[in-house]
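Everything below concerns the one structure shown next.
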Amino acid sequence: MPRIQSVQLKVGLEVHVELATRTKMFSRCPSPAHPEFDGAEPNSLIDPVVLALPGALPVMNRAAIEMAMMVGLALNCSIAERTKWDRKSYFYPDLPKGYQISQYDLPLCFDGAVDVPATDDKGFIIPDAEPARIGIIRAHLEEDAGKLLHEAPGGGAIDFSIVDWNRAGTPLLEIVTQPDFTHADQVLSFARMLRNICRFLGVTEGIMQKGHIRFEPNINTILTLDDGRTATTPITEVKNLNSFKALRGAIEHELREQPRRWLGDGREMGAGQKRTMGWDDARQQTSIQREKEDAHDYRYFPDPDLLPVVISRAWRDEVAARLPELPLARQKRYMEMYALAAKEAAALVEERDVCLLCEAAIDAMQRRGMDAPRAGRAAANFILQSGAKRANERDVLISDLGITGDEIAQIALLREEGKLSAAGADELFGILCEPGRPPAGAATLGVPERDVETLAGDRGLLIIRDDAALDRWCDEVIAKNDKVAADVRAGKAAAIGRLVGEVVKLAAAQGQRVDAKVVRDELAKKLGVSEPRR
Amino acid sequence: MSAAQHGAASAGTGECLCRIHQLNPTLNAFISVLPDPSPATSGPLTGFTVAVKDNLCFADHSNTPTTAGSRILTNYKSPFTATAVQRLIDAGATIVGKTNLDEFAMGSTGENSAFGPTRNPWDLDRIPGGSSSGSAGAVAAGLVRIALGSDTGGSIRQPAGMCGIVGLKPTYGRVSRYGLIAYASSLDQVGPMARTVADAAAALTVISGPDPLDSTCADQPVPDFTRDLDRPVEHLTIGVPRQARNEANNPDVAVALEAAIETYRSLGAAVIEVDLPHTEHGIAAYYIVALAEASSNLARFDGVRYGRRTADPKDLMDLYARSRAEGFGPEVQRRIMLGTYILSAGYYEAYYTTALKVRRLIKRDYDAAFGTPCDAILMPTSPRPAFRLGERVNDPLAMYLEDVYTVGVNLAGLPAIAFPAGFSRVGMSRLPIGMQLIGPAWQEARLLRAAQMFESATQFHTQVPPCAESDTR
């Protein structure tokens, strides 16, 4: 018996993305993947088409086609000039018609590729590392099935099954990659990137727990044996993984198990050898669902109820023109335009709405006269520091804190003008995030938005530039702390911090706010040392 | 007595219901009779009594079921109404009932109904044709003025021919299929049946036109088909396919065909011979396409959401198998099994793909014939008049072959109108013989005018079946 010298992982990924159209793929029934109808009562999002009542007919939702085209274009796919709908037949209680409408041999999008950046285990992009090119075989549209439940609502035991058809008919985009992944990290990096792209495109909220995006990795391994031969283990398809953790877990589990299974049964990849597994989250392992996946006969044939879809050049171009700048491109731009660090830029593009808030703040700063690098730097700082801190406390997205881009810009400008201290700016940021404030854009509803400078003044955060008083306080502090002052004069630059603190305290005792930076400059001048600008 | 006098054409709704109660126990044309049909609105069809084939969903006020003639839907009540039916209602028609049919429109005799066979008003021992059996019988017996049928391979025209009435199969896409319980989606089309061409034209005008609920329903302008109906088609050229002068035709049918040709000649039409070389292959192609689609369309009747469910299934597979075995009749089961086989891996190319090729050839045959040029193609609706109940039940293949003159039209998606064109005397009975005119796509208006020319020149449409005559009003 030869021994295994090395194990090479090989993974191809199928991804199902529920498109957040208002109505379902083939009916006017509201769709649960749209935020407005999320969490609807079971079996409330149904109509004759969804339930496959006798006489009901499907009618294609153009919005779903356009969303699918956007994803395809973002993945550098070709878009079919002509595509069609096929029926995939099988019986199951969650499948109302006895067939699923899908696309068999003419997928809407095909032959794409994306470069997946190398990332660390937290998902942050490692700059300068070589990206991996992942081929996209196809991306086609189909409809989702309902949900079969084996417990009563609330969790009671029942000896039958119940079906919720709300999800049935929701548009699903199935993206199939080439088996180009060689490491679990790559798969995860691709999965995160794909989710982010879809969110930027606005085709899904991408909430994993709600099943908006589901992963089905096809996993096998190539074993190099000590006699020089190689063996390829049978493919395992793991169904319906709806978290990044489960995706990683399933791949790593199979990477460990497949060589062991091969040693046990010697089975290699081939017809009839593919297995379909489920993922047991509690036990962190895969479990068999069915063997011989490829033995199924789905009796595909073109759906006579639906017309073929012709995608004109003009339609394709019109959809392409609507593509927003994608996250990876934005990240690169932030690094170039605003001189942000790779990690900062990556953090800013991680969530679409946070990214858009940041860009709104930058725009507003530039409108108010700041140049691009300073605006980018200031916006990044506020969002990744003041914003992240409060978002963590309240467990919401930074974009959901309530502060607007324009307000962030106003804070940044007050700070630039020396009217706010760093601490004051952060405090003001916090005030502007307090619940109960008029919502962003309230002015358009007739509610006056509060001017940020007035608000800062009301809360006593504004620095009063009283040069005479500052001069007096500095002199007083230097006189009282002559030893420290001497240290500073002698070149112990760090010691100046203590003097600054004393001045701030003294001012505060008189009900005044001073900017630490201004104080520092003033003290340095008086002590005859040049403070490097920070 | 003339057609204009007899039956519901001139009768009020009350009288119509009275006739139904009198004759339906014999004819079995209706599955449901609506106790209190009153039109909700007035329109071009005000005063018209109408029956609809029971494979058209109709959420009526009396909450009667929509059965498709099947045990599996015996108690199924549709929550919505088919577009074609709704348009009749909106035009002021009085819908009085739902008519009997071969289960899921699969059959050409009416004998495949879970609700018993419909009888031919001209001879109660004979079939009325099918699958729109009840609609044809009800119109022929004067129980209603108009009925809706559906035509997948001849299901409007063949029973119209056997019952001596007018039946129109519109161009595929002319009438919405929304609410028509699908048999074969690429072939099914809803159409009117009536005693006169004018009534068929009136109904077609109302039910035609695009429908956002059916993407295969075309965005074609709908003329008023009743306008200019009496104006003869100028320089009418009628094509008669070589293949229609078939020695397999019943002699009376052959005579009626030549007589119809003579009638058109006498009206100034030119009659030419055309060739439809793939007619014979039409039957095979039709049954492959239709059964493949049927096997898929009927998968939804699984006992899970509605319809018949078997008692105490032992597991999921048992639930499916027994619900369907108990719910579907033998002909439907046969067609589902054949269709499933046709679509199976390894057979799909040989059967389905080949059938689609034949379908294209048949369409090309018709295009070539119309390009000869001719305005319409004339041929019988079936090779034989109505046969006796039970005569062919055990020979499905022979039964399928009877569809030779009708299925090509569905494969090509063309419009065709059947009309009464003679009688065959068998013993004590006179059995109607039907002819059909087939036209290019969207040319229903010309077909109706050409049929009207024939009707105006002949008396076949004024004949009344004996069971309707004996009725005393």
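Naming works like this for the structure tokens: A, B, ... for the chains as they're shown, residue 1 at the start of each chain, ligands 1 onward in shown order.
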
>> Residues of region 157-328 of chain B classed as helix (DSSP H, G or I) by DSSP on the backbone are to be reported as a ChimeraX atom specification.
In response: /B:157-163,197-207,242-244,251-266,279-300,316-327

Using only C-alpha atoms, what does the table of chain A residues within 9 Å of chain B look like, with each row giving the shortest atom pair and its distance in Å to one decimal, sorted by chain and ascending number, as JSON lines?
{"residue": "A:Ser27", "atom": "CA", "partner": "B:Leu213", "partner_atom": "CA", "distance": 8.6}
{"residue": "A:Pro48", "atom": "CA", "partner": "B:Phe80", "partner_atom": "CA", "distance": 8.1}
{"residue": "A:Leu51", "atom": "CA", "partner": "B:Arg305", "partner_atom": "CA", "distance": 7.6}
{"residue": "A:Ala52", "atom": "CA", "partner": "B:Arg300", "partner_atom": "CA", "distance": 6.6}
{"residue": "A:Leu53", "atom": "CA", "partner": "B:Arg300", "partner_atom": "CA", "distance": 7.9}
{"residue": "A:Pro54", "atom": "CA", "partner": "B:Ile181", "partner_atom": "CA", "distance": 5.2}
{"residue": "A:Gly55", "atom": "CA", "partner": "B:Gly179", "partner_atom": "CA", "distance": 3.8}
{"residue": "A:Ala56", "atom": "CA", "partner": "B:Gly179", "partner_atom": "CA", "distance": 5.8}
{"residue": "A:Leu57", "atom": "CA", "partner": "B:Tyr178", "partner_atom": "CA", "distance": 6.1}
{"residue": "A:Pro58", "atom": "CA", "partner": "B:Asp214", "partner_atom": "CA", "distance": 7.3}
{"residue": "A:Val59", "atom": "CA", "partner": "B:Ser215", "partner_atom": "CA", "distance": 5.8}
{"residue": "A:Met60", "atom": "CA", "partner": "B:Ser215", "partner_atom": "CA", "distance": 8.0}
{"residue": "A:Arg87", "atom": "CA", "partner": "B:Ser296", "partner_atom": "CA", "distance": 8.2}
{"residue": "A:Ser89", "atom": "CA", "partner": "B:Ser296", "partner_atom": "CA", "distance": 7.3}
{"residue": "A:Tyr90", "atom": "CA", "partner": "B:Ala299", "partner_atom": "CA", "distance": 8.6}
{"residue": "A:Phe91", "atom": "CA", "partner": "B:Ala299", "partner_atom": "CA", "distance": 7.7}
{"residue": "A:Tyr92", "atom": "CA", "partner": "B:Leu316", "partner_atom": "CA", "distance": 8.6}
{"residue": "A:Pro93", "atom": "CA", "partner": "B:Val304", "partner_atom": "CA", "distance": 6.6}
{"residue": "A:Leu95", "atom": "CA", "partner": "B:Arg300", "partner_atom": "CA", "distance": 8.7}
{"residue": "A:Pro96", "atom": "CA", "partner": "B:Arg300", "partner_atom": "CA", "distance": 6.2}
{"residue": "A:Lys97", "atom": "CA", "partner": "B:Arg300", "partner_atom": "CA", "distance": 4.4}
{"residue": "A:Gly98", "atom": "CA", "partner": "B:Ala299", "partner_atom": "CA", "distance": 4.9}
{"residue": "A:Tyr99", "atom": "CA", "partner": "B:Ser296", "partner_atom": "CA", "distance": 7.4}
{"residue": "A:Asp297", "atom": "CA", "partner": "B:Ala345", "partner_atom": "CA", "distance": 6.4}
{"residue": "A:Tyr298", "atom": "CA", "partner": "B:Ser344", "partner_atom": "CA", "distance": 8.0}
{"residue": "A:Arg299", "atom": "CA", "partner": "B:Leu343", "partner_atom": "CA", "distance": 5.3}
{"residue": "A:Tyr300", "atom": "CA", "partner": "B:Leu343", "partner_atom": "CA", "distance": 7.4}
{"residue": "A:Phe301", "atom": "CA", "partner": "B:Leu343", "partner_atom": "CA", "distance": 7.4}
{"residue": "A:Asp303", "atom": "CA", "partner": "B:Glu293", "partner_atom": "CA", "distance": 8.6}
{"residue": "A:Pro304", "atom": "CA", "partner": "B:Ser186", "partner_atom": "CA", "distance": 5.3}
{"residue": "A:Asp305", "atom": "CA", "partner": "B:Ser185", "partner_atom": "CA", "distance": 6.1}
{"residue": "A:Leu306", "atom": "CA", "partner": "B:Ser215", "partner_atom": "CA", "distance": 6.2}
{"residue": "A:Leu307", "atom": "CA", "partner": "B:Thr216", "partner_atom": "CA", "distance": 6.6}

Writing out the chosen residues with N, CA and C atoms as a short mmCIF file (atom, residue, chain, number, x, y, z; two decimals), in the first residue's frame:
data_model
loop_
_atom_site.label_atom_id
_atom_site.label_comp_id
_atom_site.auth_asym_id
_atom_site.auth_seq_id
_atom_site.Cartn_x
_atom_site.Cartn_y
_atom_site.Cartn_z
N SER A 27 -43.71 35.87 -10.73
CA SER A 27 -45.05 36.36 -10.40
C SER A 27 -44.93 37.72 -9.75
N PRO A 48 -51.46 32.42 -6.86
CA PRO A 48 -51.69 31.20 -7.65
C PRO A 48 -50.42 30.69 -8.35
N LEU A 51 -48.04 28.97 -5.69
CA LEU A 51 -48.58 27.68 -5.22
C LEU A 51 -48.79 26.70 -6.36
N ALA A 52 -48.52 27.13 -7.60
CA ALA A 52 -48.73 26.28 -8.77
C ALA A 52 -50.17 25.80 -8.83
N LEU A 53 -51.12 26.71 -8.61
CA LEU A 53 -52.52 26.32 -8.75
C LEU A 53 -52.78 25.99 -10.22
N PRO A 54 -53.74 25.12 -10.48
CA PRO A 54 -54.07 24.80 -11.87
C PRO A 54 -54.40 26.09 -12.64
N GLY A 55 -53.85 26.21 -13.84
CA GLY A 55 -54.16 27.36 -14.68
C GLY A 55 -53.24 28.56 -14.49
N ALA A 56 -52.39 28.56 -13.45
CA ALA A 56 -51.50 29.70 -13.22
C ALA A 56 -50.31 29.62 -14.17
N LEU A 57 -49.82 30.77 -14.61
CA LEU A 57 -48.70 30.81 -15.55
C LEU A 57 -47.60 31.73 -15.04
N PRO A 58 -46.34 31.37 -15.28
CA PRO A 58 -45.23 32.23 -14.87
C PRO A 58 -45.05 33.40 -15.85
N VAL A 59 -44.69 34.54 -15.31
CA VAL A 59 -44.32 35.69 -16.15
C VAL A 59 -43.00 36.23 -15.61
N MET A 60 -42.02 36.35 -16.49
CA MET A 60 -40.66 36.69 -16.06
C MET A 60 -40.54 38.10 -15.46
N ARG A 87 -37.29 23.55 -17.60
CA ARG A 87 -37.90 22.93 -16.43
C ARG A 87 -37.00 21.80 -15.93
N SER A 89 -37.18 18.75 -13.48
CA SER A 89 -38.28 18.02 -12.84
C SER A 89 -37.82 17.13 -11.70
N TYR A 90 -38.47 17.25 -10.58
CA TYR A 90 -38.36 16.27 -9.49
C TYR A 90 -39.51 16.54 -8.52
N PHE A 91 -39.88 15.52 -7.80
CA PHE A 91 -40.97 15.68 -6.84
C PHE A 91 -40.40 15.96 -5.45
N TYR A 92 -40.90 16.99 -4.82
CA TYR A 92 -40.57 17.23 -3.42
C TYR A 92 -41.63 18.17 -2.87
N PRO A 93 -42.01 18.03 -1.61
CA PRO A 93 -43.14 18.83 -1.13
C PRO A 93 -42.90 20.34 -1.12
N LEU A 95 -41.52 21.91 -3.54
CA LEU A 95 -41.43 22.34 -4.94
C LEU A 95 -42.83 22.28 -5.56
N PRO A 96 -43.51 23.43 -5.61
CA PRO A 96 -44.95 23.39 -5.92
C PRO A 96 -45.28 22.80 -7.29
N LYS A 97 -44.56 23.12 -8.32
CA LYS A 97 -44.96 22.71 -9.66
C LYS A 97 -44.52 21.28 -10.01
N GLY A 98 -43.66 20.70 -9.18
CA GLY A 98 -43.06 19.42 -9.56
C GLY A 98 -41.89 19.64 -10.49
N TYR A 99 -41.58 20.87 -10.77
CA TYR A 99 -40.36 21.22 -11.49
C TYR A 99 -39.93 22.61 -11.05
N ASP A 297 -32.10 11.97 -12.88
CA ASP A 297 -32.54 12.39 -14.20
C ASP A 297 -33.60 13.49 -14.02
N TYR A 298 -33.21 14.72 -14.28
CA TYR A 298 -34.11 15.85 -14.03
C TYR A 298 -35.00 16.16 -15.23
N ARG A 299 -34.84 15.41 -16.32
CA ARG A 299 -35.70 15.57 -17.50
C ARG A 299 -35.87 17.03 -17.91
N TYR A 300 -34.75 17.72 -18.02
CA TYR A 300 -34.80 19.12 -18.45
C TYR A 300 -35.46 19.24 -19.82
N PHE A 301 -36.30 20.22 -19.98
CA PHE A 301 -36.74 20.61 -21.33
C PHE A 301 -37.20 22.06 -21.27
N ASP A 303 -39.11 25.43 -21.05
CA ASP A 303 -40.43 25.72 -20.50
C ASP A 303 -41.29 26.40 -21.56
N PRO A 304 -42.37 25.73 -22.00
CA PRO A 304 -43.19 26.32 -23.06
C PRO A 304 -44.05 27.49 -22.58
N ASP A 305 -44.10 27.72 -21.28
CA ASP A 305 -44.90 28.85 -20.78
C ASP A 305 -44.15 30.17 -20.87
N LEU A 306 -42.85 30.12 -21.13
CA LEU A 306 -42.05 31.35 -21.11
C LEU A 306 -41.34 31.55 -22.45
N LEU A 307 -41.25 32.79 -22.88
CA LEU A 307 -40.57 33.08 -24.13
C LEU A 307 -39.06 33.10 -23.89
#

>> So that I can see what lies close to Leu27 (chain B), please list as number ranges by chain the residues with an atom at most 8 Å from it, counting only C-alpha atoms and leaving out residues fewer than 4 positions away in the same chain.
In response: B: 23, 118-121, 124, 137

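When only C-alpha atoms are used to measure the gap to Arg313 (chain A), the shortest distance among A:Ile79, A:Met70, A:Glu14, A:Leu357 belongs to A:Ile79.
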
>> Which residues are near Ile433 (chain B)? Cut-off 12 Å, only C-alpha atoms, ignore same chain within fewer than 4 positions. Put them as a count of residues only.
In response: 43

> Which polymer residues have any atom within 7 Å of an atom of region 325-337 of chain B, counting only C-alpha atoms, with same-chain residues fewer than 4 positions away left out, as an NGL selection string?
Replying inline: :B and (70-72 or 106 or 112 or 291 or 294-295 or 308 or 321 or 341)

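Minimum atom-to-atom distance to Glu402 (chain B), evaluated using only C-alpha atoms, belongs to B:Thr109 out of B:Ser62, B:Thr13, B:Asn75, B:Thr109.
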
>> At a cut-off of 8 Å, using only C-alpha atoms, what residues contact Gly430 (chain A)? Leave out same-chain residues fewer than 3 positions from it and give the result as a list of chain:residue names.
In response: A:Ser386, A:Arg390, A:Asp426, A:Glu427, A:Cys433, A:Glu434
